[in-house]
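For reference, the structure is listed below as structure tokens.
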Amino acid sequence: MPFELKILGSNSATPVFNRHQSSQLLQIENEYFLIDCGEATQHQLIRFKIKFNKINHIFISHLHGDHVLGLPGLISTMHLNGRQRELHLYGPPGLNEILTLQLKYSETILSYDIHFHELDAKESKTILDLDNLTVQTIPLNHRIDCCGFLFKEKPKKRRINKETLPPETSLLNIIKLKNGEDVYEGEKLVLKNEEMTFPPRKSRSFAYCSDTRYTETILPMIKDIDLLYHESTFLDDMKERAIETFHTTALEAATLAKKANVKRLIIGHFSSRYKELEPLLEEAKTVFTNSSLAIEGNNFSVSDD
């Protein structure tokens, strides 16, 4: 089943050099999660042929415009397209007020319900718990309240070996086998789990670390994850500017990836001062080889093998 991240926007502050503002789409199995929603996000969704109504959960890291100003337009377009299914929005205090006022003064009554989930950027909490995954907040260090998001699949069940499983096996016993149990009739072992099943598929993980200064407080949360997106607004020769503006350099993002032993790093949220992005990638790779640029339209998949 898919676990795939698509980059929709990768620039900071303003759109330049054909780069748009922050937004990503994460697909886990049949669920689509939108993470941040800078200007032109809905244009990018159209460009990459993604159906708006597949998105039921939207996560907003903080209220700076390059992460949220695309949201009113997207919500309105969903309404104009006749959406009926409820939409869940996760974001900092004030997001509800911003959208409610926009709808109030445009005299818009949406065709669907919005459920606001207000986030606490001071401590990590589980904000979504589905059958197959959880989403937790990652407190970050930005000029205003800001948090990242950690998506983790839950442990999966064992897989049935159809070649060894007797054809008359009941559904109840198949469930026991998937749960890792042996099957007995009285005290007699009739189905040995290790002979009837394969190990479960891998549970995958992705962390989105939006605007933040370099902070090692996030290391326990991102340790050993499969895929890390971390903002890398500047090259390290602009480190003082990064500290002043509460951002991170490519070298610092790579350092965090290495210390956390993540499998792969994606860097993004590029400053408008950089027309060419290869220097940022080269800098990151001096510390963490498996680094990639958040190029819009690119997909990053995580296998469950």
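Letters A, B, ... mark the chains of the structure tokens in the order given; residue numbers begin at 1 per chain; ligand numbers begin at 1, in order shown.
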
Can you list, as a PyMOL selection string, every protein, DNA or RNA residue that comes within 7 Å of Ala260 of chain A when you count only C-alpha atoms, leaving out same-chain residues fewer than 3 positions away? chain A and resi 219+222-224+256-257

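All residues of protein, DNA or RNA that reach within 7 Å of segment 141-155 of chain A, judged by only C-alpha atoms and not counting those fewer than 6 positions away in the chain, are Ser61, His62, Ala121, Asn132, Leu133, Thr134, Val135, Ser203, Arg204, Ser205, Phe206, Ala207, Tyr208, Cys209, Ser210, Asp211, Thr212, Arg213 and Phe246 of chain A.
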
May I have the residues from that selection written out with C-alpha atoms, as a PDB file, in the first residue's frame?
ATOM      1  CA  SER A  61       2.103  24.312  11.181  1.00  0.00           C
ATOM      2  CA  HIS A  62       1.765  28.034  12.001  1.00  0.00           C
ATOM      3  CA  ALA A 121       2.832  24.125  20.168  1.00  0.00           C
ATOM      4  CA  ASN A 132      -3.639   2.289  10.808  1.00  0.00           C
ATOM      5  CA  LEU A 133      -1.695   5.380  11.926  1.00  0.00           C
ATOM      6  CA  THR A 134      -1.225   8.192  14.395  1.00  0.00           C
ATOM      7  CA  VAL A 135      -0.230  11.840  13.938  1.00  0.00           C
ATOM      8  CA  SER A 203       5.442   0.246   9.695  1.00  0.00           C
ATOM      9  CA  ARG A 204       6.561   3.480   8.035  1.00  0.00           C
ATOM     10  CA  SER A 205       7.060   7.031   9.314  1.00  0.00           C
ATOM     11  CA  PHE A 206       7.379  10.623   8.099  1.00  0.00           C
ATOM     12  CA  ALA A 207       8.181  13.813  10.013  1.00  0.00           C
ATOM     13  CA  TYR A 208       7.459  17.320   8.742  1.00  0.00           C
ATOM     14  CA  CYS A 209       9.524  19.974  10.507  1.00  0.00           C
ATOM     15  CA  SER A 210       8.356  23.388   9.410  1.00  0.00           C
ATOM     16  CA  ASP A 211       9.919  26.762  10.282  1.00  0.00           C
ATOM     17  CA  THR A 212      12.324  26.490  13.198  1.00  0.00           C
ATOM     18  CA  ARG A 213      15.737  27.321  14.532  1.00  0.00           C
ATOM     19  CA  PHE A 246      14.262  31.604  13.509  1.00  0.00           C
TER      20      PHE A 246
END

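Candidate residues A:Gln136, A:Lys275, A:Ile175, A:Ile55 were compared for distance to Asp120 of chain A, and the nearest is A:Gln136, using only C-alpha atoms.
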
Extract, using only C-alpha atoms, all DNA, RNA and protein residues at most 10 Å from Asn30 of chain A, discarding same-chain residues fewer than 5 positions from it, and format them as a VMD selection string. chain A and resid 1 to 3 54

Looking only at strand (DSSP E) from DSSP on the backbone, list the matching residues of segment 26-214 of chain A as JSON, numbers by chain. {"A": [26, 27, 28, 31, 32, 33, 34, 35, 55, 56, 57, 58, 59, 87, 88, 89, 90, 91, 114, 115, 116, 117, 118, 126, 127, 128, 129, 133, 134, 135, 136, 137, 138, 139, 147, 148, 149, 150, 151, 152, 153, 159, 160, 183, 184, 185, 188, 189, 190, 191, 197, 198, 205, 206, 207, 208, 209]}

Written selection (C-alpha atoms) as a tab-separated table (two decimals), in the first residue's frame:
chain	number	residue	atom	x	y	z
A	26	LEU	CA	1.05	12.80	2.02
A	27	GLN	CA	-0.78	9.66	0.91
A	28	ILE	CA	-0.89	6.74	3.35
A	31	GLU	CA	-5.93	8.61	3.07
A	32	TYR	CA	-4.65	11.95	1.76
A	33	PHE	CA	-3.20	14.50	4.20
A	34	LEU	CA	-2.43	18.10	3.19
A	35	ILE	CA	0.41	19.65	5.20
A	55	ILE	CA	-8.31	15.37	1.28
A	56	ASN	CA	-10.07	14.98	4.65
A	57	HIS	CA	-7.34	16.25	6.98
A	58	ILE	CA	-5.33	19.48	6.64
A	59	PHE	CA	-2.46	20.32	9.01
A	87	LEU	CA	-13.11	18.37	6.72
A	88	HIS	CA	-10.73	18.30	9.69
A	89	LEU	CA	-8.35	21.24	10.18
A	90	TYR	CA	-5.46	21.07	12.64
A	91	GLY	CA	-3.71	24.31	13.44
A	114	ILE	CA	-15.30	21.93	9.22
A	115	HIS	CA	-13.97	20.54	12.48
A	116	PHE	CA	-11.20	22.69	13.98
A	117	HIS	CA	-8.57	21.00	16.14
A	118	GLU	CA	-6.56	23.62	18.03
A	126	THR	CA	-1.33	12.81	19.51
A	127	ILE	CA	-3.81	14.79	17.43
A	128	LEU	CA	-5.13	12.04	15.15
A	129	ASP	CA	-5.55	8.34	15.87
A	133	LEU	CA	-1.69	5.38	11.93
A	134	THR	CA	-1.22	8.19	14.39
A	135	VAL	CA	-0.23	11.84	13.94
A	136	GLN	CA	1.67	13.68	16.67
A	137	THR	CA	2.78	17.29	16.94
A	138	ILE	CA	6.48	18.19	17.08
A	139	PRO	CA	7.08	21.44	19.04
A	147	CYS	CA	4.77	22.75	15.31
A	148	GLY	CA	5.72	19.97	12.98
A	149	PHE	CA	3.89	16.71	12.45
A	150	LEU	CA	4.95	13.09	12.88
A	151	PHE	CA	3.03	10.47	10.90
A	152	LYS	CA	3.59	6.89	12.07
A	153	GLU	CA	1.92	3.70	10.91
A	159	ARG	CA	0.52	-12.05	6.77
A	160	ILE	CA	-1.13	-15.36	5.96
A	183	VAL	CA	-4.28	-22.10	17.21
A	184	TYR	CA	-5.20	-24.94	19.56
A	185	GLU	CA	-8.03	-27.46	19.70
A	188	LYS	CA	-3.52	-29.80	20.87
A	189	LEU	CA	-1.58	-27.36	18.65
A	190	VAL	CA	-3.22	-27.48	15.21
A	191	LEU	CA	-1.89	-24.33	13.51
A	197	THR	CA	2.22	-16.71	8.43
A	198	PHE	CA	4.88	-14.33	7.24
A	205	SER	CA	7.06	7.03	9.31
A	206	PHE	CA	7.38	10.62	8.10
A	207	ALA	CA	8.18	13.81	10.01
A	208	TYR	CA	7.46	17.32	8.74
A	209	CYS	CA	9.52	19.97	10.51

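Take atom CA of Leu8 of chain A and atom CA of Glu244 of chain A: the distance between them is 27.1 Å.
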
So which one's closest to Asn96 of chain A, A:Ala253, A:Ile225, A:Leu63, A:Leu171? Using only C-alpha atoms, please. A:Leu63

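You can rank A:Leu227, A:Leu235, A:Leu25, A:Asp305 by their closest distance to Ser292 of chain A using only C-alpha atoms, and at the top of that list sits A:Leu227.
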
Using only C-alpha atoms, the best pick from A:Ser76, A:His67, A:Glu216, A:Leu177 as closest to Glu107 of chain A would be A:Ser76

Go through segment 69-102 of chain A residue by residue and, counting only C-alpha atoms, keep those with an atom at most 7 Å from segment 40-53 of chain A; for each kept residue give the shortest atom pair and its distance in Å to one decimal, ordered by chain and increasing number, as a tab-separated table.
residue	atom	partner	partner_atom	distance
A:Gly70	CA	A:Thr41	CA	5.8
A:Leu74	CA	A:Gln42	CA	5.8
A:Met78	CA	A:Phe52	CA	6.7
A:Arg83	CA	A:Asn53	CA	6.7

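Pairwise distance (atom CA of Gly38 of chain A, atom CA of Val16 of chain A) equals 13.2 Å.
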
Write out as a tab-separated table a residue-level contact list of segment 189-286 of chain A versus segment 17-23 of chain A with cut-off 12 Å: for each qualifying residue the closest pair of atoms and the distance in Å to one decimal, counting only C-alpha atoms, rows sorted by chain and residue number upward.
residue	atom	partner	partner_atom	distance
A:Tyr208	CA	A:Ser23	CA	10.7
A:Cys209	CA	A:Ser22	CA	11.5
A:Ser210	CA	A:Ser22	CA	8.9
A:Asp211	CA	A:Ser22	CA	10.1
A:Tyr229	CA	A:Ser23	CA	11.6
A:His230	CA	A:Ser22	CA	11.8
A:Glu231	CA	A:Ser22	CA	9.9
A:Thr233	CA	A:Ser22	CA	11.7
A:Ile267	CA	A:Ser22	CA	11.8
A:Gly268	CA	A:Ser22	CA	8.5
A:His269	CA	A:Ser22	CA	6.6
A:Phe270	CA	A:Arg19	CA	9.0
A:Ser271	CA	A:Arg19	CA	10.4
A:Ser272	CA	A:Phe17	CA	8.2
A:Arg273	CA	A:Phe17	CA	10.1
A:Tyr274	CA	A:Phe17	CA	8.9
A:Lys275	CA	A:Phe17	CA	6.3
A:Glu276	CA	A:Phe17	CA	9.0
A:Leu277	CA	A:Phe17	CA	10.7

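Minimum atom-to-atom distances from A:Thr248, A:Lys156, A:Lys162, A:Met238 to Asp304 of chain A were compared using only C-alpha atoms, and the lowest value belongs to A:Lys156.
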
Please run DSSP on the backbone and report, as an NGL selection string, all residues within segment 132-258 of chain A that come out as alpha helix (DSSP H). :A and (171-178 or 193-196 or 219-222 or 239-244 or 250-258)

For the selection you just gave me, I'd like the residues written to a file as an mmCIF file, in the first residue's frame, keeping C-alpha atoms.
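The resulting part-v2.cif:
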data_model
loop_
_atom_site.group_PDB
_atom_site.id
_atom_site.type_symbol
_atom_site.label_atom_id
_atom_site.label_comp_id
_atom_site.auth_asym_id
_atom_site.auth_seq_id
_atom_site.Cartn_x
_atom_site.Cartn_y
_atom_site.Cartn_z
ATOM 1 C CA LEU A 171 -12.114 -16.840 9.756
ATOM 2 C CA LEU A 172 -11.750 -16.767 13.541
ATOM 3 C CA ASN A 173 -8.565 -18.827 13.362
ATOM 4 C CA ILE A 174 -7.205 -16.688 10.515
ATOM 5 C CA ILE A 175 -7.685 -13.635 12.739
ATOM 6 C CA LYS A 176 -5.792 -15.391 15.551
ATOM 7 C CA LEU A 177 -2.930 -16.194 13.184
ATOM 8 C CA LYS A 178 -2.755 -12.604 11.933
ATOM 9 C CA ASN A 193 1.833 -19.401 13.675
ATOM 10 C CA GLU A 194 5.365 -19.304 12.312
ATOM 11 C CA GLU A 195 4.437 -22.002 9.763
ATOM 12 C CA MET A 196 1.180 -20.373 8.663
ATOM 13 C CA LEU A 219 15.682 14.338 18.182
ATOM 14 C CA PRO A 220 13.782 11.821 20.345
ATOM 15 C CA MET A 221 10.671 12.254 18.186
ATOM 16 C CA ILE A 222 12.381 11.866 14.814
ATOM 17 C CA LYS A 239 23.818 31.036 9.926
ATOM 18 C CA GLU A 240 23.504 34.314 11.852
ATOM 19 C CA ARG A 241 20.641 35.350 9.605
ATOM 20 C CA ALA A 242 19.030 31.965 10.181
ATOM 21 C CA ILE A 243 19.230 32.447 13.960
ATOM 22 C CA GLU A 244 17.861 35.987 13.691
ATOM 23 C CA ALA A 250 21.037 23.083 5.132
ATOM 24 C CA LEU A 251 24.052 21.995 7.159
ATOM 25 C CA GLU A 252 22.053 22.119 10.396
ATOM 26 C CA ALA A 253 19.165 20.119 8.926
ATOM 27 C CA ALA A 254 21.608 17.456 7.783
ATOM 28 C CA THR A 255 23.208 17.393 11.224
ATOM 29 C CA LEU A 256 19.820 16.688 12.813
ATOM 30 C CA ALA A 257 19.133 13.935 10.262
ATOM 31 C CA LYS A 258 22.454 12.285 11.058
#

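The smallest atom-to-atom distance between Leu130 of chain A and any of A:Glu29, A:Asn11, A:Leu280, A:Lys6, using only C-alpha atoms, is found for A:Glu29.
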